[in-house]
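The structure file entry.cif is reproduced below (mmCIF, C-alpha atoms).
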```cif
data_query
loop_
_atom_site.group_PDB
_atom_site.id
_atom_site.type_symbol
_atom_site.label_atom_id
_atom_site.label_comp_id
_atom_site.auth_asym_id
_atom_site.auth_seq_id
_atom_site.Cartn_x
_atom_site.Cartn_y
_atom_site.Cartn_z
ATOM 1 C CA MET A 1 -168.803 54.057 50.352
ATOM 2 C CA HIS A 2 -167.641 52.555 47.073
ATOM 3 C CA PRO A 3 -165.390 49.498 47.570
ATOM 4 C CA GLU A 4 -162.579 50.944 45.424
ATOM 5 C CA MET A 5 -162.559 54.179 47.456
ATOM 6 C CA LEU A 6 -162.527 52.203 50.690
ATOM 7 C CA ARG A 7 -159.687 50.006 49.407
ATOM 8 C CA GLU A 8 -157.622 53.055 48.364
ATOM 9 C CA LEU A 9 -158.196 54.808 51.706
ATOM 10 C CA THR A 10 -157.121 51.656 53.548
ATOM 11 C CA ALA A 11 -153.984 51.341 51.399
ATOM 12 C CA GLN A 12 -153.131 55.013 51.956
ATOM 13 C CA ARG A 13 -153.537 54.628 55.727
ATOM 14 C CA GLY A 14 -151.284 51.558 55.646
ATOM 15 C CA ARG A 15 -148.570 53.471 53.762
ATOM 16 C CA GLU A 16 -148.802 56.340 56.244
ATOM 17 C CA MET A 17 -148.534 53.978 59.217
ATOM 18 C CA ARG A 18 -145.503 52.186 57.709
ATOM 19 C CA GLU A 19 -143.774 55.527 57.063
ATOM 20 C CA GLN A 20 -144.494 56.655 60.621
ATOM 21 C CA ALA A 21 -143.086 53.382 61.985
ATOM 22 C CA ARG A 22 -139.952 53.770 59.825
ATOM 23 C CA GLN A 23 -139.397 57.304 61.117
ATOM 24 C CA ALA A 24 -139.860 56.150 64.720
ATOM 25 C CA THR A 25 -137.309 53.377 64.168
ATOM 26 C CA LEU A 26 -134.790 55.849 62.748
ATOM 27 C CA ALA A 27 -135.352 58.185 65.697
ATOM 28 C CA ARG A 28 -134.758 55.352 68.192
ATOM 29 C CA MET A 29 -131.573 54.343 66.384
ATOM 30 C CA ALA A 30 -130.292 57.938 66.466
ATOM 31 C CA ILE A 31 -131.068 58.280 70.172
ATOM 32 C CA ARG A 32 -129.281 54.999 70.960
ATOM 33 C CA ALA A 33 -126.250 56.005 68.895
ATOM 34 C CA GLY A 34 -126.072 59.331 70.748
ATOM 35 C CA ARG A 35 -126.251 57.571 74.109
ATOM 36 C CA ARG A 36 -123.506 55.158 73.090
ATOM 37 C CA ARG A 37 -121.308 58.021 71.942
ATOM 38 C CA ARG A 38 -121.811 59.911 75.208
ATOM 39 C CA SER A 39 -121.191 56.806 77.301
ATOM 40 C CA ARG A 40 -117.691 56.300 75.830
ATOM 41 C CA PRO A 41 -116.261 59.749 75.076
ATOM 42 C CA ASP A 42 -112.640 58.633 75.509
ATOM 43 C CA GLN A 43 -112.844 56.178 72.589
ATOM 44 C CA ALA A 44 -112.489 57.294 68.991
ATOM 45 C CA ASP A 45 -115.532 57.281 66.724
ATOM 46 C CA ASP A 46 -116.067 54.197 64.611
ATOM 47 C CA PHE A 47 -116.953 56.440 61.674
ATOM 48 C CA VAL A 48 -114.064 56.910 59.263
ATOM 49 C CA LEU A 49 -114.215 59.634 56.628
ATOM 50 C CA SER A 50 -112.403 58.851 53.416
ATOM 51 C CA ALA A 51 -110.152 61.427 51.787
ATOM 52 C CA ILE A 52 -111.978 63.998 49.672
ATOM 53 C CA PRO A 53 -110.203 64.959 46.440
ATOM 54 C CA ASP A 54 -109.160 68.591 45.984
ATOM 55 C CA TYR A 55 -110.076 68.668 42.321
ATOM 56 C CA VAL A 56 -113.028 67.523 40.215
ATOM 57 C CA ASP A 57 -110.989 64.894 38.384
ATOM 58 C CA GLY A 58 -110.353 63.119 41.705
ATOM 59 C CA SER A 59 -106.737 64.185 42.135
ATOM 60 C CA PHE A 60 -105.229 65.636 45.276
ATOM 61 C CA ARG A 61 -103.159 68.792 45.781
ATOM 62 C CA THR A 62 -99.475 67.938 45.810
ATOM 63 C CA GLY A 63 -97.917 71.366 46.463
ATOM 64 C CA PRO A 64 -98.174 73.769 49.382
ATOM 65 C CA ALA A 65 -101.636 75.043 50.291
ATOM 66 C CA GLY A 66 -102.848 78.523 51.114
ATOM 67 C CA GLU A 67 -101.654 81.950 49.994
ATOM 68 C CA ALA A 68 -98.175 80.743 49.107
ATOM 69 C CA ALA A 69 -99.567 78.293 46.565
ATOM 70 C CA ALA A 70 -101.806 80.957 45.003
ATOM 71 C CA SER A 71 -98.923 83.426 44.790
ATOM 72 C CA GLU A 72 -96.615 80.844 43.233
ATOM 73 C CA ALA A 73 -99.219 80.180 40.566
ATOM 74 C CA GLY A 74 -99.240 83.887 39.693
ATOM 75 C CA GLN A 75 -102.697 84.519 41.090
ATOM 76 C CA ALA A 76 -103.746 87.054 43.666
ATOM 77 C CA PRO A 77 -104.274 85.663 47.170
ATOM 78 C CA ALA A 78 -107.872 84.849 48.031
ATOM 79 C CA THR A 79 -108.033 87.694 50.581
ATOM 80 C CA HIS A 80 -107.607 90.310 47.817
ATOM 81 C CA HIS A 81 -110.326 90.852 45.259
ATOM 82 C CA ALA A 82 -109.763 92.327 41.820
ATOM 83 C CA ALA A 83 -111.543 95.647 41.275
#
```

As structure tokens:
Amino acid sequence: MHPEMLRELTAQRGREMREQARQATLARMAIRAGRRRRSRPDQADDFVLSAIPDYVDGSFRTGPAGEAAASEAGQAPATHHAA
């Protein structure tokens, strides 16, 4: 076999093995995290989700939410569709 072909096949195999090892590591980490979470169900999660803005510009809704807010704005409630 040509040396360049052999070198490329060896490099490809190395990349595949590294990717497989990375996936195995991620799987082990996920399994361990699940075990830890099940072993202490009475404690709160360490994961904290930050507030998600209500609007694209990053601002938050300041008035009442739901049908009352839609009606106050002069729009039909979300449960009714215009024909």

| field | Interatomic distance, atom CA of Ala27 of chain A to atom CA of Gly14 of chain A (Å, one decimal) | value | 20.0 Å

| task | Enter the distance from atom CA of Ala24 of chain A to atom CA of Ser39 of chain A, in Å, rounded to one decimal. | result |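 Atom CA of Ser39 of chain A lies at a distance of 22.5 Å from atom CA of Ala24 of chain A.
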
| query | What does the distance between atom CA of Arg40 of chain A and atom CA of Arg28 of chain A come to in Å, to one decimal place? | reply |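 Separation between atom CA of Arg40 of chain A and atom CA of Arg28 of chain A: 18.7 Å.
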
Grab all the atoms of segment 15-25 of chain A that the file lists, wrap them in a box along x, y and z, add 8 Å per side, and give me centre plus edge lengths in Å (one decimal) as JSON.
```
{"center_x": -143.1, "center_y": 54.7, "center_z": 59.2, "size_x": 27.5, "size_y": 21.1, "size_z": 27.0}
```
